[in-house]
Each structure stands twice: as structure tokens, then as C-alpha cells.
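Next comes protein10.cif, with mmCIF, C-alpha atoms.
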data_upload
#
loop_
_atom_site.group_PDB
_atom_site.id
_atom_site.type_symbol
_atom_site.label_atom_id
_atom_site.label_comp_id
_atom_site.auth_asym_id
_atom_site.auth_seq_id
_atom_site.Cartn_x
_atom_site.Cartn_y
_atom_site.Cartn_z
ATOM 1 C CA MET A 1 0.000 0.000 0.000
ATOM 2 C CA ASP A 2 1.255 3.478 -0.892
ATOM 3 C CA ILE A 3 0.746 5.412 2.320
ATOM 4 C CA THR A 4 1.534 8.730 0.650
ATOM 5 C CA SER A 5 -1.658 8.608 -1.407
ATOM 6 C CA ASN A 6 -4.815 10.291 -0.189
ATOM 7 C CA THR A 7 -7.843 8.092 -0.759
ATOM 8 C CA GLN A 8 -10.438 10.185 1.050
ATOM 9 C CA GLU A 9 -11.464 13.819 0.864
ATOM 10 C CA THR A 10 -9.779 15.758 3.660
ATOM 11 C CA PRO A 11 -11.509 18.571 5.560
ATOM 12 C CA GLN A 12 -11.253 22.209 4.446
ATOM 13 C CA ARG A 13 -7.894 23.648 5.443
ATOM 14 C CA THR A 14 -7.526 26.961 7.258
ATOM 15 C CA LYS A 15 -5.135 29.449 5.687
ATOM 16 C CA PHE A 16 -2.878 31.350 8.054
ATOM 17 C CA HIS A 17 -0.918 33.178 5.339
ATOM 18 C CA LYS A 18 -1.953 36.229 3.342
ATOM 19 C CA SER A 19 -3.341 35.904 -0.179
ATOM 20 C CA THR A 20 -0.108 37.380 -1.575
ATOM 21 C CA PHE A 21 1.722 34.169 -0.634
ATOM 22 C CA ASP A 22 -0.466 32.220 -3.065
ATOM 23 C CA LYS A 23 0.400 34.611 -5.888
ATOM 24 C CA ILE A 24 4.185 34.160 -5.889
ATOM 25 C CA SER A 25 5.969 31.477 -7.884
ATOM 26 C CA GLU A 26 5.889 27.883 -6.657
ATOM 27 C CA GLU A 27 9.699 27.861 -6.472
ATOM 28 C CA ARG A 28 9.794 30.956 -4.235
ATOM 29 C CA ARG A 29 6.933 29.689 -2.090
ATOM 30 C CA GLN A 30 8.580 26.293 -1.626
ATOM 31 C CA ARG A 31 11.939 27.862 -0.761
ATOM 32 C CA ILE A 32 10.347 29.935 1.999
ATOM 33 C CA MET A 33 8.520 26.898 3.354
ATOM 34 C CA ASP A 34 11.620 24.688 3.261
ATOM 35 C CA VAL A 35 13.733 27.259 5.108
ATOM 36 C CA ALA A 36 11.008 27.878 7.703
ATOM 37 C CA ILE A 37 10.496 24.151 8.276
ATOM 38 C CA SER A 38 14.231 23.648 8.847
ATOM 39 C CA GLU A 39 14.435 26.640 11.192
ATOM 40 C CA PHE A 40 11.450 25.645 13.330
ATOM 41 C CA ALA A 41 12.504 21.986 13.434
ATOM 42 C CA ALA A 42 16.071 22.826 14.468
ATOM 43 C CA ASN A 43 15.363 25.588 16.980
ATOM 44 C CA GLY A 44 11.737 25.275 18.001
ATOM 45 C CA TYR A 45 9.170 28.029 17.711
ATOM 46 C CA ASN A 46 10.371 30.251 20.537
ATOM 47 C CA ALA A 47 14.032 30.326 19.481
ATOM 48 C CA SER A 48 13.357 30.727 15.759
ATOM 49 C CA ASN A 49 13.736 34.157 14.196
ATOM 50 C CA ILE A 50 11.640 35.354 11.285
ATOM 51 C CA ASN A 51 14.469 37.654 10.157
ATOM 52 C CA THR A 52 16.804 34.656 9.919
ATOM 53 C CA ILE A 53 14.202 32.745 7.934
ATOM 54 C CA ALA A 54 13.787 35.656 5.509
ATOM 55 C CA LYS A 55 17.551 35.990 5.085
ATOM 56 C CA ASN A 56 18.091 32.263 4.463
ATOM 57 C CA ALA A 57 15.152 32.220 2.040
ATOM 58 C CA GLU A 58 16.796 35.137 0.200
ATOM 59 C CA ILE A 59 13.865 37.503 0.559
ATOM 60 C CA SER A 60 13.495 40.820 2.376
ATOM 61 C CA ILE A 61 11.807 40.978 5.751
ATOM 62 C CA GLY A 62 9.279 43.312 4.142
ATOM 63 C CA SER A 63 8.370 40.612 1.635
ATOM 64 C CA MET A 64 8.090 38.079 4.444
ATOM 65 C CA TYR A 65 5.582 40.272 6.279
ATOM 66 C CA SER A 66 3.635 40.778 3.061
ATOM 67 C CA TYR A 67 3.095 36.989 3.074
ATOM 68 C CA PHE A 68 2.659 36.417 6.818
ATOM 69 C CA ALA A 69 1.349 38.845 9.432
ATOM 70 C CA SER A 70 3.662 37.417 12.101
ATOM 71 C CA LYS A 71 6.048 34.624 13.025
ATOM 72 C CA GLU A 72 3.059 32.904 14.596
ATOM 73 C CA ASP A 73 1.171 32.850 11.291
ATOM 74 C CA LEU A 74 4.241 31.513 9.493
ATOM 75 C CA PHE A 75 4.555 28.773 12.109
ATOM 76 C CA LEU A 76 0.864 27.922 11.887
ATOM 77 C CA THR A 77 1.199 27.645 8.107
ATOM 78 C CA ILE A 78 4.057 25.180 8.581
ATOM 79 C CA VAL A 79 2.135 23.208 11.210
ATOM 80 C CA ASP A 80 -0.880 23.096 8.895
ATOM 81 C CA LYS A 81 1.343 21.573 6.214
ATOM 82 C CA CYS A 82 2.638 19.001 8.720
ATOM 83 C CA PHE A 83 -0.905 18.117 9.727
ATOM 84 C CA HIS A 84 -1.995 17.850 6.102
ATOM 85 C CA VAL A 85 0.729 15.275 5.443
ATOM 86 C CA LEU A 86 -0.334 13.350 8.560
ATOM 87 C CA GLU A 87 -3.932 13.486 7.363
ATOM 88 C CA SER A 88 -2.898 12.032 4.024
ATOM 89 C CA VAL A 89 -1.040 9.184 5.710
ATOM 90 C CA MET A 90 -4.021 8.357 7.909
ATOM 91 C CA TYR A 91 -6.627 8.661 5.162
ATOM 92 C CA SER A 92 -4.617 6.288 2.983
ATOM 93 C CA ILE A 93 -5.443 3.423 5.371
ATOM 94 C CA ASP A 94 -8.715 1.656 4.575
ATOM 95 C CA ILE A 95 -10.325 0.244 7.743
ATOM 96 C CA GLU A 96 -12.364 -2.164 5.607
ATOM 97 C CA GLU A 97 -9.212 -3.764 4.202
ATOM 98 C CA GLY A 98 -8.397 -6.652 6.526
ATOM 99 C CA ASP A 99 -9.319 -6.777 10.206
ATOM 100 C CA ILE A 100 -8.608 -4.249 12.952
ATOM 101 C CA PHE A 101 -5.217 -5.774 13.747
ATOM 102 C CA TYR A 102 -4.187 -5.444 10.115
ATOM 103 C CA THR A 103 -5.228 -1.773 10.337
ATOM 104 C CA LEU A 104 -3.265 -1.269 13.560
ATOM 105 C CA GLU A 105 -0.182 -2.768 11.945
ATOM 106 C CA LYS A 106 -0.640 -0.397 8.998
ATOM 107 C CA LEU A 107 -0.883 2.520 11.429
ATOM 108 C CA LEU A 108 2.330 1.554 13.210
ATOM 109 C CA ARG A 109 4.186 1.168 9.925
ATOM 110 C CA ALA A 110 2.707 4.423 8.619
ATOM 111 C CA SER A 111 3.847 6.299 11.734
ATOM 112 C CA ARG A 112 7.356 4.933 11.217
ATOM 113 C CA TYR A 113 7.258 5.930 7.531
ATOM 114 C CA TYR A 114 6.120 9.468 8.397
ATOM 115 C CA ALA A 115 8.813 9.907 11.050
ATOM 116 C CA ILE A 116 11.604 8.722 8.744
ATOM 117 C CA LYS A 117 10.449 10.446 5.543
ATOM 118 C CA TYR A 118 9.501 13.712 7.263
ATOM 119 C CA PRO A 119 11.806 14.016 10.288
ATOM 120 C CA GLU A 120 11.498 17.810 10.422
ATOM 121 C CA PHE A 121 7.693 17.642 10.349
ATOM 122 C CA ASN A 122 7.780 15.056 13.105
ATOM 123 C CA GLN A 123 10.067 17.285 15.184
ATOM 124 C CA ILE A 124 7.709 20.238 14.736
ATOM 125 C CA TYR A 125 4.748 18.054 15.710
ATOM 126 C CA LEU A 126 6.666 16.992 18.825
ATOM 127 C CA ASP A 127 7.412 20.654 19.599
ATOM 128 C CA VAL A 128 3.726 21.543 19.277
ATOM 129 C CA THR A 129 2.822 18.986 21.963
ATOM 130 C CA THR A 130 5.054 20.602 24.614
ATOM 131 C CA GLN A 131 3.823 22.896 27.363
ATOM 132 C CA ALA A 132 6.053 25.663 25.990
ATOM 133 C CA LEU A 133 3.653 26.006 23.060
ATOM 134 C CA SER A 134 0.480 25.665 25.103
ATOM 135 C CA LYS A 135 -0.743 29.004 23.721
ATOM 136 C CA PHE A 136 -1.354 27.206 20.420
ATOM 137 C CA SER A 137 -3.371 24.405 22.013
ATOM 138 C CA ASN A 138 -6.812 25.740 21.120
ATOM 139 C CA LYS A 139 -5.778 26.465 17.541
ATOM 140 C CA LEU A 140 -4.002 23.192 16.911
ATOM 141 C CA SER A 141 -5.140 20.363 19.177
ATOM 142 C CA HIS A 142 -8.580 19.905 17.623
ATOM 143 C CA LYS A 143 -7.195 20.200 14.104
ATOM 144 C CA LEU A 144 -5.343 16.894 14.130
ATOM 145 C CA GLU A 145 -6.550 15.114 17.234
ATOM 146 C CA GLU A 146 -10.195 15.124 16.130
ATOM 147 C CA ILE A 147 -9.124 13.539 12.852
ATOM 148 C CA THR A 148 -7.228 10.744 14.586
ATOM 149 C CA ALA A 149 -9.894 10.283 17.276
ATOM 150 C CA ASN A 150 -12.636 9.902 14.664
ATOM 151 C CA PHE A 151 -10.486 7.503 12.643
ATOM 152 C CA TYR A 152 -9.914 5.269 15.670
ATOM 153 C CA LEU A 153 -13.599 5.327 16.601
ATOM 154 C CA ASP A 154 -14.579 4.328 13.066
ATOM 155 C CA MET A 155 -11.985 1.553 13.164
ATOM 156 C CA LEU A 156 -13.231 0.236 16.522
ATOM 157 C CA ASN A 157 -16.892 0.408 15.533
ATOM 158 C CA HIS A 158 -16.123 -1.451 12.319
ATOM 159 C CA ALA A 159 -14.347 -4.151 14.356
ATOM 160 C CA LYS A 160 -17.299 -4.289 16.765
ATOM 161 C CA GLU A 161 -19.716 -4.858 13.869
ATOM 162 C CA ASN A 162 -17.564 -7.805 12.818
ATOM 163 C CA ASN A 163 -17.431 -9.225 16.377
ATOM 164 C CA LEU A 164 -13.644 -8.887 16.546
ATOM 165 C CA ILE A 165 -13.315 -6.952 19.806
ATOM 166 C CA ASP A 166 -14.963 -6.655 23.212
ATOM 167 C CA GLU A 167 -17.980 -4.402 22.612
ATOM 168 C CA LYS A 168 -18.286 -3.494 26.312
ATOM 169 C CA MET A 169 -15.167 -1.320 26.262
ATOM 170 C CA ASN A 170 -15.284 2.480 26.195
ATOM 171 C CA PHE A 171 -14.117 3.094 22.639
ATOM 172 C CA LYS A 172 -13.179 6.734 23.307
ATOM 173 C CA VAL A 173 -10.791 5.715 26.082
ATOM 174 C CA ILE A 174 -9.429 2.869 23.954
ATOM 175 C CA SER A 175 -8.863 5.322 21.071
ATOM 176 C CA PHE A 176 -6.841 7.532 23.413
ATOM 177 C CA CYS A 177 -4.700 4.567 24.513
ATOM 178 C CA ILE A 178 -4.089 3.374 20.948
ATOM 179 C CA ASP A 179 -3.076 6.867 19.868
ATOM 180 C CA ASN A 180 -0.605 7.164 22.748
ATOM 181 C CA LEU A 181 1.053 3.877 21.788
ATOM 182 C CA ILE A 182 1.406 4.904 18.157
ATOM 183 C CA VAL A 183 2.576 8.459 18.897
ATOM 184 C CA MET A 184 5.240 7.272 21.355
ATOM 185 C CA PHE A 185 6.448 4.770 18.753
ATOM 186 C CA GLN A 186 6.521 7.526 16.126
ATOM 187 C CA PHE A 187 8.435 9.964 18.340
ATOM 188 C CA SER A 188 11.109 7.328 19.019
ATOM 189 C CA TYR A 189 12.294 7.855 15.428
ATOM 190 C CA THR A 190 12.743 11.614 15.789
ATOM 191 C CA SER A 191 13.554 12.459 19.380
ATOM 192 C CA ASP A 192 16.725 11.268 21.089
ATOM 193 C CA TYR A 193 14.822 11.451 24.374
ATOM 194 C CA TYR A 194 12.019 9.173 23.200
ATOM 195 C CA ARG A 195 14.479 6.813 21.520
ATOM 196 C CA GLU A 196 16.404 6.420 24.769
ATOM 197 C CA ARG A 197 13.143 6.162 26.693
ATOM 198 C CA MET A 198 12.050 3.267 24.490
ATOM 199 C CA LYS A 199 15.435 1.633 24.954
ATOM 200 C CA ILE A 200 15.282 1.981 28.752
ATOM 201 C CA PHE A 201 11.814 0.439 28.943
ATOM 202 C CA THR A 202 12.305 -2.331 26.384
ATOM 203 C CA GLY A 203 16.039 -2.931 26.448
ATOM 204 C CA TYR A 204 16.036 -2.628 22.670
ATOM 205 C CA ASP A 205 16.929 0.056 20.176
ATOM 206 C CA THR A 206 13.695 0.717 18.277
ATOM 207 C CA ILE A 207 15.484 1.546 15.044
ATOM 208 C CA GLN A 208 17.464 -1.709 14.994
ATOM 209 C CA ASN A 209 14.644 -3.959 16.243
ATOM 210 C CA GLU A 210 11.579 -2.218 14.851
ATOM 211 C CA GLU A 211 9.907 -5.370 13.500
ATOM 212 C CA MET A 212 10.071 -7.055 16.890
ATOM 213 C CA VAL A 213 8.748 -3.912 18.602
ATOM 214 C CA ILE A 214 5.857 -3.637 16.128
ATOM 215 C CA GLN A 215 4.878 -7.269 16.662
ATOM 216 C CA GLU A 216 5.030 -6.967 20.465
ATOM 217 C CA ILE A 217 2.867 -3.818 20.413
ATOM 218 C CA LEU A 218 0.375 -5.624 18.173
ATOM 219 C CA LYS A 219 0.284 -8.610 20.540
ATOM 220 C CA PHE A 220 -0.402 -6.282 23.456
ATOM 221 C CA MET A 221 -3.205 -4.465 21.620
ATOM 222 C CA LYS A 222 -4.796 -7.724 20.486
ATOM 223 C CA LYS A 223 -4.939 -9.040 24.050
ATOM 224 C CA ALA A 224 -6.310 -5.711 25.287
ATOM 225 C CA LEU A 225 -9.043 -5.508 22.663
ATOM 226 C CA THR A 226 -10.347 -9.078 22.632
#

Encoded form using C-alpha cells:
Amino acid sequence: MDITSNTQETPQRTKFHKSTFDKISEERRQRIMDVAISEFAANGYNASNINTIAKNAEISIGSMYSYFASKEDLFLTIVDKCFHVLESVMYSIDIEEGDIFYTLEKLLRASRYYAIKYPEFNQIYLDVTTQALSKFSNKLSHKLEEITANFYLDMLNHAKENNLIDEKMNFKVISFCIDNLIVMFQFSYTSDYYRERMKIFTGYDTIQNEEMVIQEILKFMKKALT
């Protein structure tokens, strides 16, 4: 399965940039985005400087502000792009293809793919989840988390209809637990802290023993759900 394809229609996206940003060339627009992504991933939101981004993108600070009202809007544009890629990865997984455990395996492998293919996006996503960026919580948490929560609920209800899981469980709580398992696994490919954390708990290096880790997580989820 190609997990980069988008097989469902995604929700309407909010634009945080000015209309002038849409009018410049694709090459210029992509250069600005690439530089901003690298800056925010390397330094985090608080330590990143919009003047540095403009300089490295080879545009004037005046031009930058004609595209974005503030550093916050530039960051939100980048985060929106990160979320859109995550949406595409999730929507590429068909819950009706195979059983729930096949879907869960696809999700684990997709999270690994996303973390490895888009390490800077994954780092920004990790940064967004920290308390330091709590001011963005209302703007960002519902944007992605509702998508994943609804996906998990659909997956669990589909499994319930096929008598594959215990129907007496609280599916919202189970969705939260599944998401935490997958997100922690995903972060172990980007963050040194989470990689070492995984190693301390499991005694294994996730990167070198990923297949074993995936299978053990799947075994745990199967026992928990049935």
C-alpha cells in the first residue's frame, strides 16, 4: 500500500498566510517553506527568528511580512502543512481492508514511515505537543486530534460490527490509549529522548529492532481488545 496517497477527501484547510503568498511562484513559495520548516525543526518556535528565515530564504523581511502577518502565522502555516501530510497518511489506510489488527499494523508502519520520511515535520509536531507552546493548544489540538480520534472510533466500531473486539469497552478511552502507543512509537524515530526512553523500557533500540517492537505492540493491543 502506498501510504503517501490520499484516498479520502480531507476537511477544508484553514489558511494562516496572506493571499499574496499564493500569488508568488511555486519555487519561491517552496523555498520559503523549506527554510522555515528547517528553522522551526532545528530551533523550536520560541528560538526561531523570522528575520533569519527571511535571510536564508533570500527575501526581504518586508516581503516576508507581506506573506505572513507574524512569526506565529508563518509557524501555523508550517504546522498546517505538517498536519496535512499526517492526514494524508491516515486517510490512505482503509479500515475495511483486513481486520482491525491489520489496520493497527498499517498505522504503526505508517507512523514509522512518516517519522523517517519527514523528520522535520515530526520534530515540529513533537514541539507543538510541549507545554512551551500551550498558547497554540486551542488552535491546533482539535485540528489533528479530532481527525485521529474519529479515525480510531470508526476503526473500533467497524471491528465491533464484525465481532472482533470486546464491545463493552469504552471506545473513546481505547482510542486515546491506541493513539498514545502509536505516537510514542513515532516519536522514538525523531527524538533522542524518546528513543532512549524506548530503549530503557524495552532494552532494545527501536530503530534496529523495529519489526520485533511492532509485533510486540500488536500482541499487546490484540490481548487488550479481545

- Message: Could you tell me how far CA of Asp73 in chain A sits from CA of Leu133 in chain A, in Å to one decimal place?
- Response: 13.8 Å

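As for CA of Gln186 in chain A and CA of Lys160 in chain A, they are spaced 26.6 Å apart.
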
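Residues captured in this structure file are Ile3, Leu86, Glu87, Ser88, Val89, Tyr91, Ser92, Ile93, Leu107, Ala110 and Thr148 of chain A, according to the PyMOL selection byres ((chain A and resi 90) around 8).
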
- Query: So which residues touch Lys222 in chain A within 10 Å, counting only C-alpha atoms, skipping near sequence neighbours fewer than 3 positions away, as a ChimeraX atom specification?
  - Reply: /A:100-101,104,164-165,216-219,225-226

- Item | Target residues per the PyMOL selection byres ((chain A and resi 190) around 12), formatted as a ChimeraX atom specification | /A:41-42,111-127,183-189,191-196,206-207

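In this model, the gap between CA of Thr202 in chain A and CA of Asp179 in chain A comes to 19.1 Å.
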
- For a cut-off of 12 Å around (1.5, 21.1, 8.2), file coordinates, pick out all residues using all atoms listed in the file and list them as a PyMOL selection string. chain A and resi 13-16+33-34+36-37+74-88+118+120-125+128+140+143-144

If we count all atoms listed in the file, what is near Thr20 in chain A at a cut-off of 12 Å, once residues fewer than 5 positions away on the same chain are taken out, given as a PDB file with C-alpha atoms, in the frame of the given file?
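Printed below is around27.pdb as written:
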ATOM      1  CA  LYS A  15      -5.135  29.449   5.687  1.00  0.00           C
ATOM      2  CA  SER A  25       5.969  31.477  -7.884  1.00  0.00           C
ATOM      3  CA  ARG A  29       6.933  29.689  -2.090  1.00  0.00           C
ATOM      4  CA  SER A  63       8.370  40.612   1.635  1.00  0.00           C
ATOM      5  CA  MET A  64       8.090  38.079   4.444  1.00  0.00           C
ATOM      6  CA  TYR A  65       5.582  40.272   6.279  1.00  0.00           C
ATOM      7  CA  SER A  66       3.635  40.778   3.061  1.00  0.00           C
ATOM      8  CA  TYR A  67       3.095  36.989   3.074  1.00  0.00           C
ATOM      9  CA  PHE A  68       2.659  36.417   6.818  1.00  0.00           C
ATOM     10  CA  ALA A  69       1.349  38.845   9.432  1.00  0.00           C
TER      11      ALA A  69
END

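Each of A:Thr103, A:Thr52, A:Asn180, A:Thr130 was compared to Asp154 in chain A using only C-alpha atoms, and A:Thr103 turns out to be the nearest.
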
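Of the listed residues (A:Glu211, A:Ile182, A:Glu72, A:Met198), A:Glu72 comes nearest to Phe136 in chain A; the distances count only C-alpha atoms.
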
- Message: Starting from the PyMOL selection byres ((chain A and resi 166) around 12), expand the selection into actual residues of this file and give them as a PyMOL selection string.
- Response: chain A and resi 156-157+159-165+167-171+174+222-226

Complete range 63-74 of chain A at the level of N, CA and C atoms, written as a CSV table (one decimal), in the frame of the given file.
chain,number,residue,atom,x,y,z
A,63,SER,N,9.1,41.6,2.4
A,63,SER,CA,8.4,40.6,1.6
A,63,SER,C,7.8,39.5,2.5
A,64,MET,N,8.6,39.1,3.5
A,64,MET,CA,8.1,38.1,4.4
A,64,MET,C,6.8,38.5,5.1
A,65,TYR,N,6.8,39.8,5.6
A,65,TYR,CA,5.6,40.3,6.3
A,65,TYR,C,4.4,40.6,5.3
A,66,SER,N,4.7,40.6,4.0
A,66,SER,CA,3.6,40.8,3.1
A,66,SER,C,3.0,39.4,2.8
A,67,TYR,N,3.6,38.3,3.2
A,67,TYR,CA,3.1,37.0,3.1
A,67,TYR,C,2.5,36.5,4.4
A,68,PHE,N,3.1,36.9,5.5
A,68,PHE,CA,2.7,36.4,6.8
A,68,PHE,C,2.6,37.6,7.8
A,69,ALA,N,1.5,37.7,8.5
A,69,ALA,CA,1.3,38.8,9.4
A,69,ALA,C,2.3,38.8,10.6
A,70,SER,N,2.8,37.6,10.9
A,70,SER,CA,3.7,37.4,12.1
A,70,SER,C,4.4,36.1,12.0
A,71,LYS,N,5.4,35.9,12.9
A,71,LYS,CA,6.0,34.6,13.0
A,71,LYS,C,5.0,33.5,13.4
A,72,GLU,N,4.1,33.9,14.2
A,72,GLU,CA,3.1,32.9,14.6
A,72,GLU,C,2.3,32.4,13.4
A,73,ASP,N,1.9,33.3,12.5
A,73,ASP,CA,1.2,32.8,11.3
A,73,ASP,C,2.0,32.0,10.4
A,74,LEU,N,3.3,32.3,10.3
A,74,LEU,CA,4.2,31.5,9.5
A,74,LEU,C,4.3,30.1,10.1
